[in-house]
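Undergrad: Can you keep this structure in mind? I'll have questions shortly.
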Amino acid sequence: MNTRVKQSRPKAALDFLAIPRGKPKPRTSRWTVPSDKTIPLRYQEDLLGIYGDVIDRVKLSDHVGLMGRFPPVLVRKKNAIYRKHGICTFPGGVPFEIAYLQNKVERYFDALPALGFSGVEISADTIPPIPRKRRTELIRMAGGAGLEVFTEVGEKLSGAAIKLEDAVASIRGDLAAGAVKVVIENKDLCHFLRSGPKTIVDIAGAVGLDNLIFELGPGGWPDLAVWLLRELGSDINVENIDIAS
């Protein structure tokens, strides 16, 4: 689901100086996907008044808050503010993983639109890998619930990075099942940057840069971001930026 709001850029204070301009929203590349760890609503409104035009999606990443502290009315208010600024939202992957372990995935997918979310992250950061067949079923189920689906590849719990051929196969499988974009885990990106950065370029070349989101944190900042921009260009999609920083 895409929220399309016409973006009207006010005249800049120093508009006589030429700078590179990004593509207008809605766009398929150069996404900025920051994390909102539940900043206050008035702060959120003020921040979006300044930066809303450069934010494409927002991940609500206070997992404990979403599952155990925040009333539905607060979550709906936050999502409504983002929607007013043409920004779609989705919760981080941990609530999905808990729903998966508790056999409540279908209920979880049904609950998200009612809370104002337009997307979902299907990940396996803290749980064993989900078999390919079941992963495909889950992506299709989420899409059937009207959700924009984001998935993730990487080896957060192991000591090694994901192999090139496994990453490409997983990404292609997720996209074929209906995922909008696939996130490459920060831990793997940092590993590749240290020991084999060409792997990152090879993955992007095999599946298409528009289909990927790169996790810029928590590790590798700012070297990872600088390397990605230099090697892959300014049209990369990025995630894991603290919206309050």
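Chain lettering (A, B, ...) mirrors the order of the structure tokens, residue numbering begins at 1 for each chain separately, and ligand numbering begins at 1 in order of display.
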Residues near Ile243 (chain A), anyone? I mean within 7 Å using only C-alpha atoms, not counting same-chain ones fewer than 4 positions away, as a PyMOL selection string.

TA: chain A and resi 34-36

Undergrad: Next, dump the selected residues to file, keeping only N, CA and C atoms, as a PDB file, in the first residue's frame.

TA:
ATOM      1  N   PRO A  34      14.115   5.693   8.444  1.00  0.00           N
ATOM      2  CA  PRO A  34      14.610   5.805   9.814  1.00  0.00           C
ATOM      3  C   PRO A  34      13.786   4.973  10.787  1.00  0.00           C
ATOM      4  N   SER A  35      14.334   4.800  11.987  1.00  0.00           N
ATOM      5  CA  SER A  35      13.648   4.077  13.056  1.00  0.00           C
ATOM      6  C   SER A  35      13.103   5.072  14.076  1.00  0.00           C
ATOM      7  N   ASP A  36      11.845   4.899  14.433  1.00  0.00           N
ATOM      8  CA  ASP A  36      11.197   5.716  15.462  1.00  0.00           C
ATOM      9  C   ASP A  36      11.065   4.851  16.710  1.00  0.00           C
TER      10      ASP A  36
END

Undergrad: Determine, counting only C-alpha atoms, which protein, DNA and RNA residues have an atom within 10 Å of an atom of region 147-158 of chain A; residues of the same chain fewer than 6 positions away are not included. Present the result as a PyMOL selection string.

TA: chain A and resi 1-2+88-90+92-93+109-110+112-113+117-129+135+138-141+166-168+170-171+174-175+177-189+212-215

Undergrad: Write out as an MDAnalysis selection string each polymer residue whose atoms come within 10 Å of Gly52 (chain A), counting only C-alpha atoms; drop sequence neighbours fewer than 6 positions from it.

TA: chainID A and resid 7 44:46 82 84:87

Undergrad: Put those residues in a file: all heavy atoms, as a PDB file, in the first residue's frame.

TA:
ATOM      1  N   GLN A   7       4.082  16.354  -2.592  1.00  0.00           N
ATOM      2  CA  GLN A   7       5.050  17.082  -1.779  1.00  0.00           C
ATOM      3  C   GLN A   7       5.311  18.459  -2.393  1.00  0.00           C
ATOM      4  O   GLN A   7       5.737  18.571  -3.533  1.00  0.00           O
ATOM      5  CB  GLN A   7       6.370  16.294  -1.707  1.00  0.00           C
ATOM      6  CG  GLN A   7       6.224  14.911  -1.107  1.00  0.00           C
ATOM      7  CD  GLN A   7       5.845  14.974   0.357  1.00  0.00           C
ATOM      8  OE1 GLN A   7       6.475  15.682   1.135  1.00  0.00           O
ATOM      9  NE2 GLN A   7       4.823  14.235   0.739  1.00  0.00           N
ATOM     10  N   GLN A  44       7.461  14.638  16.952  1.00  0.00           N
ATOM     11  CA  GLN A  44       7.286  13.980  15.655  1.00  0.00           C
ATOM     12  C   GLN A  44       6.729  14.957  14.621  1.00  0.00           C
ATOM     13  O   GLN A  44       7.214  15.034  13.491  1.00  0.00           O
ATOM     14  CB  GLN A  44       6.352  12.787  15.828  1.00  0.00           C
ATOM     15  CG  GLN A  44       6.054  11.992  14.558  1.00  0.00           C
ATOM     16  CD  GLN A  44       5.026  10.892  14.803  1.00  0.00           C
ATOM     17  OE1 GLN A  44       4.737  10.534  15.937  1.00  0.00           O
ATOM     18  NE2 GLN A  44       4.462  10.377  13.734  1.00  0.00           N
ATOM     19  N   GLU A  45       5.702  15.719  15.012  1.00  0.00           N
ATOM     20  CA  GLU A  45       5.105  16.701  14.099  1.00  0.00           C
ATOM     21  C   GLU A  45       6.129  17.742  13.674  1.00  0.00           C
ATOM     22  O   GLU A  45       6.246  18.067  12.481  1.00  0.00           O
ATOM     23  CB  GLU A  45       3.920  17.387  14.786  1.00  0.00           C
ATOM     24  CG  GLU A  45       2.671  16.555  14.887  1.00  0.00           C
ATOM     25  CD  GLU A  45       1.761  16.722  13.682  1.00  0.00           C
ATOM     26  OE1 GLU A  45       2.256  17.121  12.614  1.00  0.00           O
ATOM     27  OE2 GLU A  45       0.561  16.452  13.809  1.00  0.00           O
ATOM     28  N   ASP A  46       6.885  18.278  14.623  1.00  0.00           N
ATOM     29  CA  ASP A  46       7.882  19.299  14.304  1.00  0.00           C
ATOM     30  C   ASP A  46       8.974  18.743  13.400  1.00  0.00           C
ATOM     31  O   ASP A  46       9.406  19.398  12.438  1.00  0.00           O
ATOM     32  CB  ASP A  46       8.505  19.851  15.588  1.00  0.00           C
ATOM     33  CG  ASP A  46       7.540  20.711  16.392  1.00  0.00           C
ATOM     34  OD1 ASP A  46       6.499  21.111  15.827  1.00  0.00           O
ATOM     35  OD2 ASP A  46       7.819  20.966  17.580  1.00  0.00           O
ATOM     36  N   TYR A  82       2.373  10.295  10.528  1.00  0.00           N
ATOM     37  CA  TYR A  82       3.231   9.917   9.398  1.00  0.00           C
ATOM     38  C   TYR A  82       2.436   9.890   8.091  1.00  0.00           C
ATOM     39  O   TYR A  82       2.904  10.374   7.052  1.00  0.00           O
ATOM     40  CB  TYR A  82       3.878   8.559   9.657  1.00  0.00           C
ATOM     41  CG  TYR A  82       5.035   8.614  10.618  1.00  0.00           C
ATOM     42  CD1 TYR A  82       5.023   7.908  11.809  1.00  0.00           C
ATOM     43  CD2 TYR A  82       6.154   9.407  10.337  1.00  0.00           C
ATOM     44  CE1 TYR A  82       6.091   7.970  12.696  1.00  0.00           C
ATOM     45  CE2 TYR A  82       7.221   9.479  11.218  1.00  0.00           C
ATOM     46  CZ  TYR A  82       7.184   8.761  12.396  1.00  0.00           C
ATOM     47  OH  TYR A  82       8.235   8.841  13.265  1.00  0.00           O
ATOM     48  N   LYS A  84      -0.140  11.576   7.279  1.00  0.00           N
ATOM     49  CA  LYS A  84      -0.431  12.951   6.861  1.00  0.00           C
ATOM     50  C   LYS A  84       0.718  13.541   6.053  1.00  0.00           C
ATOM     51  O   LYS A  84       0.513  14.387   5.175  1.00  0.00           O
ATOM     52  CB  LYS A  84      -0.716  13.812   8.095  1.00  0.00           C
ATOM     53  CG  LYS A  84      -1.091  15.245   7.790  1.00  0.00           C
ATOM     54  CD  LYS A  84      -1.447  15.994   9.049  1.00  0.00           C
ATOM     55  CE  LYS A  84      -0.228  16.246   9.926  1.00  0.00           C
ATOM     56  NZ  LYS A  84      -0.550  17.104  11.095  1.00  0.00           N
ATOM     57  N   HIS A  85       1.930  13.084   6.350  1.00  0.00           N
ATOM     58  CA  HIS A  85       3.119  13.560   5.637  1.00  0.00           C
ATOM     59  C   HIS A  85       3.521  12.633   4.489  1.00  0.00           C
ATOM     60  O   HIS A  85       4.621  12.762   3.954  1.00  0.00           O
ATOM     61  CB  HIS A  85       4.284  13.705   6.620  1.00  0.00           C
ATOM     62  CG  HIS A  85       4.132  14.863   7.562  1.00  0.00           C
ATOM     63  ND1 HIS A  85       4.629  16.118   7.297  1.00  0.00           N
ATOM     64  CD2 HIS A  85       3.506  14.969   8.757  1.00  0.00           C
ATOM     65  CE1 HIS A  85       4.338  16.936   8.290  1.00  0.00           C
ATOM     66  NE2 HIS A  85       3.659  16.269   9.191  1.00  0.00           N
ATOM     67  N   GLY A  86       2.631  11.711   4.116  1.00  0.00           N
ATOM     68  CA  GLY A  86       2.907  10.829   2.978  1.00  0.00           C
ATOM     69  C   GLY A  86       3.925   9.752   3.274  1.00  0.00           C
ATOM     70  O   GLY A  86       4.617   9.289   2.364  1.00  0.00           O
ATOM     71  N   ILE A  87       4.022   9.333   4.537  1.00  0.00           N
ATOM     72  CA  ILE A  87       5.025   8.351   4.945  1.00  0.00           C
ATOM     73  C   ILE A  87       4.332   7.101   5.465  1.00  0.00           C
ATOM     74  O   ILE A  87       3.541   7.163   6.415  1.00  0.00           O
ATOM     75  CB  ILE A  87       5.947   8.941   6.039  1.00  0.00           C
ATOM     76  CG1 ILE A  87       6.686  10.173   5.496  1.00  0.00           C
ATOM     77  CG2 ILE A  87       6.934   7.897   6.538  1.00  0.00           C
ATOM     78  CD1 ILE A  87       7.398  10.976   6.571  1.00  0.00           C
TER      79      ILE A  87
END

Undergrad: Please identify all polymer residues within 12 Å of Gly196 (chain A), counting only C-alpha atoms, omitting same-chain residues fewer than 5 positions from it, and present them as a PyMOL selection string.

TA: chain A and resi 161-164+188-191+201-203

Undergrad: Next, write the just-selected residues to a file, as a PDB file, in the first residue's frame, keeping N, CA, C and O atoms as the atom set.

TA:
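Done, and the output landed in selection_0.pdb:
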ATOM      1  N   ALA A 161      29.069 -14.330   7.846  1.00  0.00           N
ATOM      2  CA  ALA A 161      28.124 -13.627   6.985  1.00  0.00           C
ATOM      3  C   ALA A 161      27.445 -14.607   6.045  1.00  0.00           C
ATOM      4  O   ALA A 161      27.963 -15.695   5.763  1.00  0.00           O
ATOM      5  N   ILE A 162      26.296 -14.227   5.555  1.00  0.00           N
ATOM      6  CA  ILE A 162      25.580 -15.051   4.601  1.00  0.00           C
ATOM      7  C   ILE A 162      26.392 -15.180   3.313  1.00  0.00           C
ATOM      8  O   ILE A 162      27.088 -14.245   2.901  1.00  0.00           O
ATOM      9  N   LYS A 163      26.322 -16.332   2.673  1.00  0.00           N
ATOM     10  CA  LYS A 163      27.048 -16.550   1.436  1.00  0.00           C
ATOM     11  C   LYS A 163      26.349 -15.855   0.279  1.00  0.00           C
ATOM     12  O   LYS A 163      25.120 -15.700   0.279  1.00  0.00           O
ATOM     13  N   LEU A 164      27.134 -15.459  -0.720  1.00  0.00           N
ATOM     14  CA  LEU A 164      26.598 -14.722  -1.861  1.00  0.00           C
ATOM     15  C   LEU A 164      25.446 -15.462  -2.511  1.00  0.00           C
ATOM     16  O   LEU A 164      24.366 -14.899  -2.724  1.00  0.00           O
ATOM     17  N   ASP A 188      26.109  -8.404   8.473  1.00  0.00           N
ATOM     18  CA  ASP A 188      26.694  -8.979   7.263  1.00  0.00           C
ATOM     19  C   ASP A 188      27.387  -7.918   6.424  1.00  0.00           C
ATOM     20  O   ASP A 188      28.469  -8.158   5.876  1.00  0.00           O
ATOM     21  N   LEU A 189      26.778  -6.739   6.316  1.00  0.00           N
ATOM     22  CA  LEU A 189      27.406  -5.658   5.558  1.00  0.00           C
ATOM     23  C   LEU A 189      28.752  -5.286   6.157  1.00  0.00           C
ATOM     24  O   LEU A 189      29.729  -5.068   5.420  1.00  0.00           O
ATOM     25  N   CYS A 190      28.814  -5.214   7.490  1.00  0.00           N
ATOM     26  CA  CYS A 190      30.090  -4.889   8.148  1.00  0.00           C
ATOM     27  C   CYS A 190      31.125  -5.980   7.897  1.00  0.00           C
ATOM     28  O   CYS A 190      32.306  -5.688   7.674  1.00  0.00           O
ATOM     29  N   HIS A 191      30.695  -7.240   7.915  1.00  0.00           N
ATOM     30  CA  HIS A 191      31.608  -8.350   7.635  1.00  0.00           C
ATOM     31  C   HIS A 191      32.143  -8.251   6.206  1.00  0.00           C
ATOM     32  O   HIS A 191      33.347  -8.384   5.966  1.00  0.00           O
ATOM     33  N   VAL A 201      28.556  -5.538  -3.870  1.00  0.00           N
ATOM     34  CA  VAL A 201      28.327  -5.111  -5.254  1.00  0.00           C
ATOM     35  C   VAL A 201      27.719  -6.249  -6.064  1.00  0.00           C
ATOM     36  O   VAL A 201      26.803  -6.037  -6.876  1.00  0.00           O
ATOM     37  N   ASP A 202      28.180  -7.464  -5.833  1.00  0.00           N
ATOM     38  CA  ASP A 202      27.679  -8.625  -6.578  1.00  0.00           C
ATOM     39  C   ASP A 202      26.216  -8.906  -6.247  1.00  0.00           C
ATOM     40  O   ASP A 202      25.421  -9.251  -7.133  1.00  0.00           O
ATOM     41  N   ILE A 203      25.849  -8.774  -4.982  1.00  0.00           N
ATOM     42  CA  ILE A 203      24.446  -8.981  -4.610  1.00  0.00           C
ATOM     43  C   ILE A 203      23.563  -7.943  -5.287  1.00  0.00           C
ATOM     44  O   ILE A 203      22.523  -8.270  -5.877  1.00  0.00           O
TER      45      ILE A 203
END

Undergrad: Where in region 47-241 of chain A does DSSP assign strand (DSSP E or B), given as a PyMOL selection string?

TA: chain A and resi 57-60+88-91+119-122+148-153+181-184+212-215+238-241

Undergrad: List as CSV every residue of region 38-155 of chain A that is in contact with region 229-239 of chain A, defined as an atom at most 12 Å from one of its atoms (using only C-alpha atoms), together with the nearest atom pair and the distance in Å rounded to one decimal, sorted by chain and then rising number.

TA:
residue,atom,partner,partner_atom,distance
A:Val54,CA,A:Asn237,CA,11.7
A:Ile55,CA,A:Val238,CA,10.4
A:Asp56,CA,A:Asn237,CA,9.6
A:Arg57,CA,A:Glu239,CA,9.2
A:Val58,CA,A:Glu239,CA,8.9
A:Lys59,CA,A:Glu239,CA,8.7
A:Leu60,CA,A:Glu239,CA,11.9
A:Ser61,CA,A:Glu239,CA,11.7
A:Gly92,CA,A:Glu239,CA,11.3
A:Phe150,CA,A:Glu239,CA,11.6
A:Glu152,CA,A:Glu239,CA,11.6

Undergrad: Once DSSP has gone over the backbone, tell me which residues of region 20-152 of chain A are in helix (DSSP H, G or I), as number ranges by chain.

TA: A: 41-54, 63-69, 72-84, 93-101, 105-114, 132-144

Undergrad: So, with only C-alpha atoms as the atoms that count, which of A:Ser29, A:Gly146, A:Glu137, A:Leu115 lies closest to Ala80 (chain A)?

TA: A:Leu115

Undergrad: How many Å lie between CA of Tyr108 (chain A) and CA of Arg76 (chain A), rounded to one decimal?

TA: 15.6 Å

Undergrad: May I ask which of the residues A:Arg172, A:Asp53, A:Ala145, A:Gly68 is the closest one to Pro26 (chain A), counting only C-alpha atoms?

TA: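 Of A:Arg172, A:Asp53, A:Ala145, A:Gly68, the one nearest Pro26 (chain A) is A:Asp53, counting only C-alpha atoms.
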